[in-house]
>>> print(open('work_38.csv').read())   # CSV, C-alpha atoms
chain,number,residue,atom,x,y,z
A,1,MET,CA,7.2,-13.7,43.2
A,2,ALA,CA,7.8,-12.8,39.5
A,3,SER,CA,9.6,-15.4,37.4
A,4,THR,CA,13.0,-14.7,35.8
A,5,VAL,CA,11.4,-14.4,32.4
A,6,GLU,CA,8.9,-11.8,33.6
A,7,LEU,CA,11.7,-9.8,35.3
A,8,LYS,CA,13.8,-10.0,32.1
A,9,HIS,CA,10.8,-8.9,30.1
A,10,SER,CA,10.0,-6.0,32.4
A,11,GLU,CA,13.7,-4.9,32.3
A,12,VAL,CA,13.7,-5.0,28.5
A,13,GLN,CA,10.5,-3.0,28.4
A,14,ALA,CA,11.9,-0.4,30.9
A,15,LEU,CA,15.1,-0.1,28.7
A,16,ALA,CA,13.0,0.4,25.6
A,17,ASP,CA,10.9,3.0,27.3
A,18,ARG,CA,14.0,4.9,28.5
A,19,VAL,CA,15.9,4.8,25.2
A,20,GLY,CA,12.7,5.6,23.2
A,21,SER,CA,11.8,8.6,25.4
A,22,LEU,CA,15.4,10.0,25.2
A,23,LEU,CA,15.6,9.6,21.4
A,24,GLY,CA,12.2,11.2,21.0
A,25,ALA,CA,13.2,14.1,23.3
A,26,ALA,CA,16.5,14.6,21.4
A,27,LEU,CA,14.7,14.6,18.0
A,28,ASN,CA,12.2,17.2,19.3
A,29,GLY,CA,15.0,19.2,20.8
A,30,ARG,CA,16.7,19.4,17.4
A,31,GLY,CA,13.4,20.4,15.8
A,32,THR,CA,13.7,17.4,13.5
A,33,GLU,CA,10.8,17.6,10.9
A,34,GLY,CA,9.2,20.2,13.1
A,35,GLY,CA,9.2,18.2,16.3
A,36,GLY,CA,6.3,16.2,17.7
A,37,TRP,CA,8.1,12.9,17.9
A,38,ILE,CA,6.8,10.3,20.4
A,39,HIS,CA,7.9,6.8,21.2
A,40,GLN,CA,5.8,3.6,21.5
A,41,VAL,CA,7.1,0.5,23.1
A,42,ASP,CA,6.2,-2.8,21.7
A,43,ALA,CA,4.7,-4.4,24.8
A,44,GLU,CA,4.5,-7.9,23.2
A,45,ALA,CA,8.1,-8.2,22.2
A,46,HIS,CA,10.6,-10.1,24.5
A,47,TYR,CA,13.4,-8.1,23.0
A,48,LEU,CA,14.2,-4.4,22.8
A,49,SER,CA,11.7,-3.0,20.3
A,50,PHE,CA,10.1,0.4,20.1
A,51,SER,CA,9.0,3.0,17.4
A,52,LEU,CA,9.5,6.7,17.1
A,53,VAL,CA,6.4,8.2,15.5
A,54,HIS,CA,6.0,11.7,14.0
A,55,PRO,CA,2.6,13.4,13.5
A,56,ARG,CA,3.1,13.6,9.7
A,57,GLY,CA,3.2,9.8,9.5
A,58,LEU,CA,6.9,9.1,9.7
A,59,VAL,CA,7.6,5.9,11.7
A,60,LEU,CA,11.0,4.7,12.7
A,61,SER,CA,11.1,1.1,14.1
A,62,LEU,CA,14.1,0.3,16.4
A,63,ARG,CA,14.8,-3.3,17.3
A,64,HIS,CA,17.7,-5.1,19.1
A,65,HIS,CA,18.6,-8.0,16.8
A,66,ASN,CA,21.7,-10.2,16.9
A,67,THR,CA,22.0,-10.4,20.6
A,68,HIS,CA,24.0,-13.6,20.1
A,69,LEU,CA,26.9,-11.6,18.8
A,70,LYS,CA,29.7,-10.6,21.1
A,71,GLY,CA,31.0,-7.1,21.9
A,72,SER,CA,29.6,-4.0,20.4
A,73,ALA,CA,28.1,-5.9,17.4
A,74,GLY,CA,25.7,-7.6,19.8
A,75,ARG,CA,24.7,-4.2,21.3
A,76,ARG,CA,23.3,-2.5,18.2
A,77,LEU,CA,19.8,-1.3,17.4
A,78,THR,CA,18.5,-1.8,13.9
A,79,VAL,CA,16.7,1.4,12.8
A,80,GLU,CA,14.2,0.8,9.9
A,81,CYS,CA,11.9,3.2,8.1
A,82,VAL,CA,8.3,2.0,8.0
A,83,TYR,CA,6.3,2.5,4.8
A,84,PRO,CA,2.6,2.0,4.0
A,85,ARG,CA,1.6,-1.5,2.8
A,86,GLY,CA,2.2,-2.0,-0.8
A,87,TYR,CA,5.3,0.2,-1.2
A,88,SER,CA,7.5,-1.3,-3.9
A,89,GLY,CA,10.8,0.1,-2.8
A,90,ALA,CA,13.2,-1.1,-0.1
A,91,ALA,CA,13.0,0.3,3.4
A,92,GLU,CA,16.1,2.2,4.5
A,93,THR,CA,17.9,0.8,7.5
A,94,THR,CA,20.9,1.7,9.6
A,95,THR,CA,22.2,0.6,13.0
A,96,VAL,CA,23.1,2.6,16.1
A,97,GLY,CA,25.1,1.4,19.1
A,98,LEU,CA,23.2,1.0,22.4
A,99,ASP,CA,26.4,2.2,24.1
A,100,SER,CA,26.6,5.3,22.0
A,101,SER,CA,25.4,8.7,23.3
A,102,ILE,CA,21.8,9.7,22.5
A,103,SER,CA,23.1,12.7,20.4
A,104,SER,CA,25.3,10.4,18.2
A,105,MET,CA,22.3,8.0,17.7
A,106,VAL,CA,20.1,10.9,16.7
A,107,SER,CA,22.8,12.3,14.4
A,108,ARG,CA,23.2,9.0,12.6
A,109,ILE,CA,19.4,8.6,12.2
A,110,VAL,CA,18.9,12.2,10.9
A,111,SER,CA,21.9,12.1,8.5
A,112,HIS,CA,21.5,8.5,7.2
A,113,LEU,CA,17.8,7.8,7.2
A,114,LEU,CA,15.5,10.8,7.3
A,115,PRO,CA,16.4,12.6,4.0
A,116,ASP,CA,15.7,9.6,1.8
A,117,TYR,CA,12.8,8.5,4.0
A,118,VAL,CA,10.9,11.7,3.7
A,119,ARG,CA,11.3,11.8,0.0
A,120,ASN,CA,10.4,8.1,-0.5
A,121,LEU,CA,7.5,8.3,1.9
A,122,GLU,CA,5.8,10.7,-0.5
A,123,VAL,CA,6.3,8.3,-3.4
A,124,ALA,CA,5.0,5.4,-1.3
A,125,ARG,CA,1.9,7.4,-0.4
A,126,ALA,CA,1.3,8.3,-4.0
A,127,GLU,CA,1.6,4.6,-4.9
A,128,ARG,CA,-0.9,3.7,-2.2
A,129,ARG,CA,-3.4,6.4,-3.4
A,130,ALA,CA,-3.0,5.1,-7.0
A,131,ALA,CA,-3.6,1.5,-5.9
A,132,GLN,CA,-6.7,2.5,-3.9
A,133,GLU,CA,-8.1,4.4,-6.9
A,134,HIS,CA,-7.4,1.4,-9.1
A,135,ARG,CA,-9.1,-0.9,-6.6
A,136,ARG,CA,-12.2,1.4,-6.4
A,137,ALA,CA,-12.4,1.6,-10.2
A,138,ARG,CA,-12.1,-2.2,-10.5
A,139,GLN,CA,-14.9,-2.7,-7.9
A,140,LEU,CA,-17.1,-0.2,-9.7
A,141,MET,CA,-16.5,-1.9,-13.1
A,142,ASN,CA,-17.2,-5.3,-11.5
A,143,ARG,CA,-20.5,-4.0,-10.1
A,144,GLU,CA,-21.4,-2.6,-13.5
A,145,MET,CA,-20.6,-5.9,-15.3
A,146,GLU,CA,-22.7,-7.8,-12.8
A,147,GLN,CA,-25.7,-5.6,-13.1
A,148,PRO,CA,-27.2,-7.4,-16.2
A,149,PHE,CA,-26.8,-10.8,-14.6
A,150,ARG,CA,-28.8,-9.7,-11.5
A,151,LEU,CA,-31.8,-9.3,-13.7
A,152,CYS,CA,-31.6,-12.8,-15.1
A,153,THR,CA,-33.2,-15.8,-13.4
A,154,PRO,CA,-30.7,-18.7,-13.0
A,155,PRO,CA,-31.9,-22.0,-14.4
A,156,GLY,CA,-34.1,-23.7,-11.8
A,157,GLY,CA,-33.6,-20.8,-9.4
A,158,LYS,CA,-35.6,-18.0,-7.9
A,159,ALA,CA,-36.0,-14.7,-9.5
A,160,SER,CA,-33.7,-11.9,-8.4
A,161,THR,CA,-34.7,-10.2,-5.2
A,162,ARG,CA,-33.9,-6.9,-6.8
A,163,SER,CA,-36.6,-5.3,-8.9
A,164,PRO,CA,-35.6,-4.5,-12.5
A,165,PRO,CA,-35.5,-0.9,-13.4
A,166,ALA,CA,-38.8,0.5,-14.9
A,167,THR,CA,-37.0,1.4,-18.1
A,168,GLY,CA,-33.6,0.5,-19.6
A,169,PRO,CA,-30.8,3.0,-20.1
A,170,SER,CA,-32.3,4.5,-23.3
A,171,GLY,CA,-35.9,4.6,-22.0
A,172,THR,CA,-36.8,1.2,-23.4
A,173,PRO,CA,-38.8,-1.3,-21.4
A,174,PRO,CA,-36.9,-3.6,-19.1
A,175,PRO,CA,-35.6,-6.9,-20.5
A,176,SER,CA,-37.9,-9.9,-20.4
A,177,LYS,CA,-37.9,-12.1,-17.3
A,178,THR,CA,-37.8,-15.2,-19.4
A,179,PRO,CA,-35.0,-17.5,-18.3
A,180,ILE,CA,-32.0,-17.6,-20.6
A,181,ARG,CA,-32.4,-21.4,-21.1
A,182,ARG,CA,-35.8,-21.0,-22.6
A,183,LEU,CA,-34.6,-18.1,-24.8
A,184,THR,CA,-31.8,-20.2,-26.2
A,185,ARG,CA,-34.1,-23.2,-26.9
A,186,ALA,CA,-36.5,-20.9,-28.7
A,187,ALA,CA,-33.7,-19.5,-30.8
A,188,ARG,CA,-32.6,-23.0,-31.8
A,189,SER,CA,-36.0,-24.2,-32.7
A,190,GLY,CA,-37.1,-21.0,-34.5
>>> encode(input="work_38.csv", output="structure tokens")
Amino acid sequence: MASTVELKHSEVQALADRVGSLLGAALNGRGTEGGGWIHQVDAEAHYLSFSLVHPRGLVLSLRHHNTHLKGSAGRRLTVECVYPRGYSGAAETTTVGLDSSISSMVSRIVSHLLPDYVRNLEVARAERRAAQEHRRARQLMNREMEQPFRLCTPPGGKASTRSPPATGPSGTPPPSKTPIRRLTRAARSG
């Protein structure tokens, strides 16, 4: 026999699935952003939690917070726009009543969230692309800066496992394999 907690969890999951499928169907029925909305239930959550996902990368997260509040305040879903990691702006949020009709929930989501979300999502994606390009450039610069040190033998260590290039950048012979410590002693004594 299932425990009370398991029954409660399965009831919450069933409600999330039902509300999510109805909202997704209503968004598709209105042709919101061209349709294609699907819902995904958060199977790990022990509270009402699901997402509405669009093929263009729009994600709306719906969660039932503040269940301790009485009346209609305790029966509201928080709807939050999901942005890529690293977005510097604030995510738009609104709430919809669980006791409201599906069409009024969709109307509130479409009118209060989607216009700003679609516009800001493009900004967030541009920021993410710029951050990725910056990270790649930094990694390349670090590799280029490390290259001369790979050719040197550390004091008391083994020679580099990488073979030095046959010629330097200007066609000159490769640098000497003499350890740096010996070179500095020779320069001081000479």
>>> atom_distance(input="work_38.csv", atom1="atom CA of A:Pro148", atom2="atom CA of A:Arg136")
20.0 Å
>>> atom_distance(input="work_38.csv", atom1="atom CA of A:Glu33", atom2="atom CA of A:Val59")
12.2 Å
>>> closest_residue(input="work_38.csv", among="A:Arg56, A:Arg30, A:Arg76, A:Lys70", to="A:Val106", atoms="only C-alpha atoms")
A:Arg30
>>> closest_residue(input="work_38.csv", among="A:Met141, A:Leu113, A:Met105, A:Val82", to="A:Leu22", atoms="all atoms listed in the file")
A:Met105
>>> closest_residue(input="work_38.csv", among="A:Gln13, A:Ser111, A:Thr95, A:Ser103", to="A:Ala25", atoms="all atoms listed in the file")
A:Ser103
>>> closest_atom_pairs(input="work_38.csv", of="stretch 65-153 of chain A", to="stretch 40-47 of chain A", cutoff="12 Å", atoms="only C-alpha atoms", output="Markdown table")
| residue | atom | partner | partner_atom | distance |
| --- | --- | --- | --- | --- |
| A:His65 | CA | A:Tyr47 | CA | 8.1 |
| A:Asn66 | CA | A:Tyr47 | CA | 10.5 |
| A:Thr67 | CA | A:Tyr47 | CA | 9.2 |
| A:Leu77 | CA | A:Tyr47 | CA | 10.9 |
>>> residues_around(input="work_38.csv", residues="A:Ala90", least_positions_apart="2", cutoff="12 Å", atoms="all atoms listed in the file", output="PyMOL selection string")
chain A and resi 80-88+92-93+116-117+120-121+124
>>> closest_residue(input="work_38.csv", among="A:Leu27, A:Val19, A:His64, A:Ala126", to="A:Ile109", atoms="all atoms listed in the file")
A:Leu27
>>> closest_residue(input="work_38.csv", among="A:Val96, A:Gly20, A:Lys8, A:Phe50", to="A:His112", atoms="all atoms listed in the file")
A:Val96
>>> atom_distance(input="work_38.csv", atom1="atom CA of A:Val53", atom2="atom CA of A:Trp37")
5.5 Å
>>> residues_near_point(input="work_38.csv", point="(15.8, -0.4, 16.1)", cutoff="6 Å", atoms="only C-alpha atoms", output="list in words")
Ser61, Leu62, Arg63, His64, Leu77, Thr78 and Val79 of chain A
>>> write_last_selection(input="work_38.csv", atoms="C-alpha atoms", output="tab-separated table (two decimals), in the coordinates of the input")
chain	number	residue	atom	x	y	z
A	61	SER	CA	11.10	1.10	14.10
A	62	LEU	CA	14.10	0.30	16.40
A	63	ARG	CA	14.80	-3.30	17.30
A	64	HIS	CA	17.70	-5.10	19.10
A	77	LEU	CA	19.80	-1.30	17.40
A	78	THR	CA	18.50	-1.80	13.90
A	79	VAL	CA	16.70	1.40	12.80
